[in-house]
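Data file: protein_25.txt. Format and content: compact mmCIF, N, CA and C atoms.
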```
# COMPACT_ATOMS: atom_id res chain seq x y z
N MET A 14 86.99 -71.38 0.76
CA MET A 14 88.35 -71.78 1.11
C MET A 14 88.33 -73.23 1.59
N ASP A 15 89.33 -73.95 1.24
CA ASP A 15 89.49 -75.35 1.62
C ASP A 15 89.68 -75.47 3.13
N ILE A 16 89.10 -76.51 3.73
CA ILE A 16 89.23 -76.71 5.18
C ILE A 16 90.69 -76.80 5.61
N MET A 17 91.53 -77.35 4.74
CA MET A 17 92.96 -77.46 5.05
C MET A 17 93.58 -76.08 5.28
N LEU A 18 93.21 -75.11 4.46
CA LEU A 18 93.75 -73.76 4.61
C LEU A 18 93.24 -73.11 5.90
N TYR A 19 91.99 -73.34 6.25
CA TYR A 19 91.47 -72.82 7.51
C TYR A 19 92.23 -73.41 8.69
N LEU A 20 92.49 -74.71 8.65
CA LEU A 20 93.22 -75.35 9.74
C LEU A 20 94.64 -74.80 9.85
N GLN A 21 95.27 -74.52 8.72
CA GLN A 21 96.60 -73.92 8.75
C GLN A 21 96.54 -72.52 9.35
N ARG A 22 95.52 -71.77 9.01
CA ARG A 22 95.38 -70.41 9.56
C ARG A 22 95.13 -70.46 11.06
N LEU A 23 94.60 -71.58 11.55
CA LEU A 23 94.40 -71.76 12.99
C LEU A 23 95.65 -72.31 13.69
N GLY A 24 96.73 -72.54 12.93
CA GLY A 24 98.00 -72.89 13.56
C GLY A 24 98.52 -74.29 13.32
N LEU A 25 97.79 -75.12 12.58
CA LEU A 25 98.30 -76.46 12.29
C LEU A 25 99.32 -76.39 11.14
N THR A 26 100.23 -77.35 11.12
CA THR A 26 101.20 -77.42 10.02
C THR A 26 100.49 -77.91 8.76
N ARG A 27 101.19 -77.81 7.65
CA ARG A 27 100.62 -78.27 6.37
C ARG A 27 100.27 -79.76 6.44
N TYR A 28 101.20 -80.56 6.99
CA TYR A 28 100.94 -81.99 7.11
C TYR A 28 99.77 -82.26 8.06
N GLN A 29 99.76 -81.59 9.21
CA GLN A 29 98.67 -81.81 10.17
C GLN A 29 97.32 -81.43 9.58
N SER A 30 97.26 -80.28 8.91
CA SER A 30 95.99 -79.84 8.34
C SER A 30 95.54 -80.75 7.20
N SER A 31 96.48 -81.24 6.42
CA SER A 31 96.15 -82.15 5.33
C SER A 31 95.60 -83.46 5.87
N VAL A 32 96.28 -84.01 6.86
CA VAL A 32 95.86 -85.28 7.45
C VAL A 32 94.51 -85.12 8.15
N LEU A 33 94.36 -84.07 8.94
CA LEU A 33 93.12 -83.87 9.68
C LEU A 33 91.94 -83.63 8.74
N SER A 34 92.12 -82.83 7.71
CA SER A 34 91.01 -82.59 6.78
C SER A 34 90.62 -83.88 6.06
N THR A 35 91.58 -84.73 5.78
CA THR A 35 91.28 -86.02 5.15
C THR A 35 90.49 -86.91 6.10
N ILE A 36 90.92 -86.96 7.36
CA ILE A 36 90.22 -87.81 8.33
C ILE A 36 88.82 -87.27 8.62
N LEU A 37 88.67 -85.95 8.61
CA LEU A 37 87.34 -85.37 8.82
C LEU A 37 86.36 -85.80 7.72
N THR A 38 86.86 -85.93 6.51
CA THR A 38 85.99 -86.30 5.39
C THR A 38 85.91 -87.81 5.18
N LYS A 39 86.90 -88.54 5.63
CA LYS A 39 86.94 -89.99 5.43
C LYS A 39 87.28 -90.65 6.77
N GLN A 40 86.27 -90.79 7.62
CA GLN A 40 86.48 -91.37 8.95
C GLN A 40 86.89 -92.85 8.85
N ASN A 41 87.48 -93.33 9.93
CA ASN A 41 87.90 -94.74 10.04
C ASN A 41 88.77 -95.19 8.87
N THR A 42 89.87 -94.51 8.72
CA THR A 42 90.80 -94.83 7.64
C THR A 42 92.17 -95.19 8.20
N THR A 43 92.94 -95.91 7.44
CA THR A 43 94.26 -96.37 7.89
C THR A 43 95.33 -95.33 7.58
N ALA A 44 96.46 -95.49 8.20
CA ALA A 44 97.59 -94.59 7.97
C ALA A 44 98.04 -94.65 6.51
N LEU A 45 98.04 -95.83 5.95
CA LEU A 45 98.45 -95.98 4.55
C LEU A 45 97.49 -95.25 3.62
N GLU A 46 96.19 -95.39 3.87
CA GLU A 46 95.20 -94.68 3.05
C GLU A 46 95.37 -93.16 3.19
N ILE A 47 95.58 -92.71 4.42
CA ILE A 47 95.76 -91.28 4.66
C ILE A 47 97.00 -90.78 3.92
N SER A 48 98.08 -91.54 3.99
CA SER A 48 99.32 -91.17 3.31
C SER A 48 99.10 -91.08 1.80
N ASP A 49 98.39 -92.05 1.24
CA ASP A 49 98.12 -92.04 -0.20
C ASP A 49 97.28 -90.84 -0.62
N ILE A 50 96.27 -90.50 0.17
CA ILE A 50 95.36 -89.40 -0.17
C ILE A 50 96.06 -88.05 -0.01
N THR A 51 96.83 -87.90 1.05
CA THR A 51 97.40 -86.60 1.38
C THR A 51 98.77 -86.33 0.77
N SER A 52 99.43 -87.36 0.31
CA SER A 52 100.81 -87.27 -0.17
C SER A 52 101.80 -86.96 0.96
N VAL A 53 101.36 -87.12 2.21
CA VAL A 53 102.30 -87.05 3.33
C VAL A 53 103.08 -88.35 3.30
N PRO A 54 104.41 -88.28 3.30
CA PRO A 54 105.19 -89.51 3.20
C PRO A 54 104.82 -90.50 4.31
N TYR A 55 104.75 -91.77 3.95
CA TYR A 55 104.37 -92.80 4.92
C TYR A 55 105.33 -92.80 6.10
N THR A 56 106.59 -92.44 5.87
CA THR A 56 107.56 -92.40 6.97
C THR A 56 107.24 -91.30 7.98
N LYS A 57 106.43 -90.32 7.58
CA LYS A 57 106.06 -89.20 8.46
C LYS A 57 104.64 -89.32 9.01
N ILE A 58 103.84 -90.17 8.41
CA ILE A 58 102.41 -90.17 8.72
C ILE A 58 102.12 -90.48 10.18
N TYR A 59 102.85 -91.40 10.78
CA TYR A 59 102.56 -91.75 12.19
C TYR A 59 102.95 -90.62 13.15
N SER A 60 104.01 -89.89 12.85
CA SER A 60 104.36 -88.77 13.72
C SER A 60 103.31 -87.65 13.61
N VAL A 61 102.78 -87.43 12.42
CA VAL A 61 101.71 -86.44 12.24
C VAL A 61 100.45 -86.91 12.96
N LEU A 62 100.09 -88.17 12.79
CA LEU A 62 98.92 -88.71 13.48
C LEU A 62 99.09 -88.66 15.00
N ASP A 63 100.28 -88.97 15.48
CA ASP A 63 100.54 -88.90 16.93
C ASP A 63 100.38 -87.48 17.45
N SER A 64 100.85 -86.49 16.69
CA SER A 64 100.71 -85.10 17.13
C SER A 64 99.24 -84.70 17.19
N LEU A 65 98.45 -85.15 16.22
CA LEU A 65 97.02 -84.85 16.22
C LEU A 65 96.30 -85.61 17.34
N ARG A 66 96.74 -86.81 17.62
CA ARG A 66 96.16 -87.56 18.75
C ARG A 66 96.50 -86.88 20.07
N TYR A 67 97.72 -86.39 20.21
CA TYR A 67 98.15 -85.70 21.42
C TYR A 67 97.29 -84.45 21.67
N MET A 68 96.96 -83.75 20.58
CA MET A 68 96.12 -82.55 20.70
C MET A 68 94.65 -82.90 20.96
N GLY A 69 94.32 -84.18 20.81
CA GLY A 69 92.94 -84.60 21.03
C GLY A 69 92.05 -84.45 19.81
N PHE A 70 92.64 -84.29 18.63
CA PHE A 70 91.87 -84.07 17.41
C PHE A 70 91.57 -85.37 16.67
N VAL A 71 92.36 -86.41 16.95
CA VAL A 71 92.21 -87.68 16.26
C VAL A 71 92.23 -88.80 17.29
N GLU A 72 91.40 -89.81 17.04
CA GLU A 72 91.37 -91.01 17.88
C GLU A 72 91.72 -92.21 17.00
N ALA A 73 92.21 -93.26 17.64
CA ALA A 73 92.58 -94.47 16.89
C ALA A 73 92.05 -95.68 17.62
N ASP A 74 91.72 -96.72 16.86
CA ASP A 74 91.34 -97.98 17.49
C ASP A 74 92.58 -98.85 17.61
N LEU A 75 92.44 -99.96 18.29
CA LEU A 75 93.60 -100.82 18.54
C LEU A 75 93.68 -102.01 17.59
N GLU A 76 92.81 -102.03 16.59
CA GLU A 76 92.84 -103.12 15.62
C GLU A 76 94.04 -102.99 14.70
N ARG A 77 94.31 -104.02 13.96
CA ARG A 77 95.35 -103.98 12.94
C ARG A 77 94.69 -104.20 11.59
N PRO A 78 94.86 -103.37 10.62
CA PRO A 78 95.61 -102.13 10.73
C PRO A 78 94.83 -101.09 11.55
N MET A 79 95.57 -100.23 12.22
CA MET A 79 94.97 -99.20 13.05
C MET A 79 94.16 -98.25 12.16
N ARG A 80 92.98 -97.90 12.63
CA ARG A 80 92.12 -96.97 11.89
C ARG A 80 91.94 -95.70 12.70
N PHE A 81 91.89 -94.58 12.01
CA PHE A 81 91.85 -93.27 12.65
C PHE A 81 90.55 -92.56 12.31
N ARG A 82 90.05 -91.79 13.28
CA ARG A 82 88.86 -90.96 13.07
C ARG A 82 89.07 -89.64 13.80
N ALA A 83 88.43 -88.62 13.30
CA ALA A 83 88.56 -87.29 13.87
C ALA A 83 87.50 -87.05 14.94
N THR A 84 87.82 -86.20 15.89
CA THR A 84 86.83 -85.75 16.86
C THR A 84 85.99 -84.67 16.16
N GLN A 85 85.04 -84.11 16.86
CA GLN A 85 84.14 -83.11 16.27
C GLN A 85 84.90 -81.85 15.87
N LEU A 86 84.65 -81.35 14.68
CA LEU A 86 85.32 -80.16 14.16
C LEU A 86 85.09 -78.95 15.07
N GLU A 87 83.91 -78.84 15.63
CA GLU A 87 83.61 -77.70 16.51
C GLU A 87 84.57 -77.67 17.70
N GLY A 88 84.82 -78.83 18.29
CA GLY A 88 85.74 -78.92 19.42
C GLY A 88 87.17 -78.60 19.02
N ILE A 89 87.56 -79.04 17.84
CA ILE A 89 88.90 -78.77 17.33
C ILE A 89 89.10 -77.26 17.16
N VAL A 90 88.13 -76.62 16.54
CA VAL A 90 88.22 -75.17 16.30
C VAL A 90 88.25 -74.43 17.64
N GLU A 91 87.38 -74.81 18.56
CA GLU A 91 87.36 -74.16 19.88
C GLU A 91 88.70 -74.27 20.58
N GLN A 92 89.30 -75.46 20.53
CA GLN A 92 90.59 -75.66 21.20
C GLN A 92 91.69 -74.82 20.56
N LEU A 93 91.72 -74.75 19.23
CA LEU A 93 92.75 -73.96 18.55
C LEU A 93 92.56 -72.47 18.82
N VAL A 94 91.32 -71.99 18.83
CA VAL A 94 91.05 -70.58 19.13
C VAL A 94 91.45 -70.26 20.56
N LYS A 95 91.13 -71.17 21.48
CA LYS A 95 91.49 -70.96 22.89
C LYS A 95 93.01 -70.88 23.05
N LYS A 96 93.72 -71.74 22.35
CA LYS A 96 95.19 -71.73 22.41
C LYS A 96 95.74 -70.38 21.95
N HIS A 97 95.21 -69.85 20.85
CA HIS A 97 95.68 -68.57 20.35
C HIS A 97 95.25 -67.42 21.25
N SER A 98 94.07 -67.52 21.84
CA SER A 98 93.61 -66.48 22.77
C SER A 98 94.53 -66.41 23.98
N SER A 99 94.94 -67.57 24.49
CA SER A 99 95.86 -67.61 25.63
C SER A 99 97.20 -66.99 25.26
N ALA A 100 97.69 -67.32 24.08
CA ALA A 100 98.97 -66.76 23.62
C ALA A 100 98.86 -65.24 23.47
N LEU A 101 97.75 -64.77 22.93
CA LEU A 101 97.56 -63.33 22.77
C LEU A 101 97.50 -62.63 24.13
N SER A 102 96.86 -63.25 25.09
CA SER A 102 96.80 -62.68 26.45
C SER A 102 98.19 -62.56 27.05
N ARG A 103 99.02 -63.59 26.86
CA ARG A 103 100.39 -63.54 27.36
C ARG A 103 101.18 -62.43 26.69
N ILE A 104 101.02 -62.27 25.40
CA ILE A 104 101.74 -61.23 24.67
C ILE A 104 101.31 -59.85 25.16
N LYS A 105 100.02 -59.66 25.37
CA LYS A 105 99.53 -58.37 25.88
C LYS A 105 100.11 -58.09 27.27
N ARG A 106 100.16 -59.12 28.11
CA ARG A 106 100.70 -58.95 29.47
C ARG A 106 102.16 -58.55 29.42
N VAL A 107 102.94 -59.19 28.56
CA VAL A 107 104.36 -58.85 28.42
C VAL A 107 104.51 -57.42 27.91
N GLY A 108 103.67 -57.03 26.97
CA GLY A 108 103.71 -55.67 26.46
C GLY A 108 103.43 -54.64 27.54
N GLU A 109 102.45 -54.93 28.40
CA GLU A 109 102.14 -54.02 29.50
C GLU A 109 103.31 -53.96 30.50
N GLU A 110 103.94 -55.08 30.78
CA GLU A 110 105.09 -55.10 31.67
C GLU A 110 106.24 -54.28 31.09
N LEU A 111 106.42 -54.39 29.79
CA LEU A 111 107.48 -53.64 29.13
C LEU A 111 107.21 -52.15 29.21
N LYS A 112 105.97 -51.74 29.00
CA LYS A 112 105.61 -50.32 29.12
C LYS A 112 105.90 -49.80 30.52
N MET A 113 105.60 -50.60 31.53
CA MET A 113 105.83 -50.19 32.91
C MET A 113 107.32 -50.12 33.23
N ALA A 114 108.12 -50.95 32.59
CA ALA A 114 109.55 -51.00 32.88
C ALA A 114 110.33 -49.88 32.20
N TYR A 115 109.79 -49.33 31.14
CA TYR A 115 110.49 -48.30 30.38
C TYR A 115 110.26 -46.94 31.00
N LYS A 116 111.33 -46.16 31.15
CA LYS A 116 111.23 -44.80 31.69
C LYS A 116 110.84 -43.86 30.55
N PRO A 117 109.69 -43.23 30.65
CA PRO A 117 109.29 -42.30 29.59
C PRO A 117 110.29 -41.16 29.42
N GLY A 118 110.54 -40.79 28.19
CA GLY A 118 111.43 -39.67 27.91
C GLY A 118 112.90 -40.01 27.95
N SER A 119 113.25 -41.28 28.13
CA SER A 119 114.67 -41.66 28.12
C SER A 119 114.83 -42.96 27.36
N ASP A 120 116.08 -43.31 27.14
CA ASP A 120 116.35 -44.57 26.45
C ASP A 120 116.64 -45.69 27.43
N GLU A 121 116.33 -45.45 28.70
CA GLU A 121 116.68 -46.42 29.72
C GLU A 121 115.44 -47.11 30.29
N PHE A 122 115.70 -48.29 30.79
CA PHE A 122 114.67 -49.06 31.48
C PHE A 122 114.79 -48.84 32.98
N HIS A 123 113.78 -49.21 33.68
CA HIS A 123 113.79 -49.15 35.15
C HIS A 123 115.05 -49.87 35.63
N PRO A 124 115.70 -49.37 36.69
CA PRO A 124 116.95 -49.98 37.18
C PRO A 124 116.84 -51.47 37.47
N LEU A 125 115.72 -51.93 37.98
CA LEU A 125 115.57 -53.36 38.26
C LEU A 125 115.56 -54.17 36.98
N ILE A 126 114.96 -53.65 35.94
CA ILE A 126 114.93 -54.34 34.66
C ILE A 126 116.32 -54.33 34.03
N ARG A 127 117.03 -53.21 34.15
CA ARG A 127 118.37 -53.09 33.58
C ARG A 127 119.29 -54.15 34.16
N LYS A 128 119.16 -54.45 35.48
CA LYS A 128 119.99 -55.48 36.11
C LYS A 128 119.70 -56.85 35.53
N ALA A 129 118.43 -57.11 35.21
CA ALA A 129 118.05 -58.41 34.67
C ALA A 129 118.57 -58.61 33.25
N ILE A 130 118.76 -57.51 32.54
CA ILE A 130 119.25 -57.60 31.15
C ILE A 130 120.71 -57.82 31.21
```

For this file, produce the structure as structure tokens.
Amino acid sequence: MDIMLYLQRLGLTRYQSSVLSTILTKQNTTALEISDITSVPYTKIYSVLDSLRYMGFVEADLERPMRFRATQLEGIVEQLVKKHSSALSRIKRVGEELKMAYKPGSDEFHPLIRKAI
């Protein structure tokens, strides 16, 4: 499977995964080069790069033209897995709270929960 598809399965958008997979294979590249390789419109490329920089997946130098490089893939994967693990933990916690709030054998919720609804 292509690295881009793996990155999408880990939660990145199509543009983010396309740009990141390109930078992983072609370090120190410009926004224009990335746009040409990925077919991400040049008008969108900086917002995609900024989102990846915000997540800590991409770094940029201050030269002109600005050049971009990816951080280590292992760290990127760990961070994305951790993000999903945290989300799954929250979902499980909400599910447990919902089970506790529901009165077994009836269609009603606990009176305190009913007031909140």

- Task: Going by DSSP on the backbone, which bits of chain A are alpha helix (DSSP H)? Write them as a ChimeraX atom specification, please.
- Result: /A:16-22,27-38,44-51,55-67,86-114,124-129

Segment 54-124 of chain A residues near segment 14-36 of chain A within 8 Å, closest pair each, using all atoms listed in the file, as CSV:
```
residue,atom,partner,partner_atom,distance
A:Val61,CA,A:Gln29,CA,5.9
A:Leu62,N,A:Gln29,CA,7.0
A:Ser64,C,A:Gln29,CA,7.6
A:Leu65,N,A:Gln29,CA,6.9
A:Phe70,C,A:Leu33,CA,7.3
A:Val71,CA,A:Leu33,CA,7.7
A:Phe81,C,A:Ile36,CA,6.2
A:Arg82,C,A:Ile36,C,5.7
A:Ala83,N,A:Ile36,C,4.9
A:Thr84,N,A:Ile36,C,7.4
A:Val90,CA,A:Leu23,CA,7.8
A:Leu93,CA,A:Leu23,C,5.9
A:Val94,N,A:Leu23,CA,6.6
A:His97,N,A:Leu23,C,7.6
```

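For the point (95.1, -97.7, 6.9), the residues with an atom at a distance of at most 6 Å are Thr42, Thr43, Ala44, Leu45, Glu46, Ile47, Pro78, Met79 and Arg80 of chain A, counting all atoms listed in the file.
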
- So which one's closest to Glu91 of chain A, A:Arg77, A:Ser60, A:Gly69, A:Pro54? Using only C-alpha atoms, please. A:Gly69

- Message: Would you compute the distance between atom CA of Ile58 of chain A and atom CA of Asn41 of chain A? Give it in Å to one decimal.
- Response: 15.3 Å
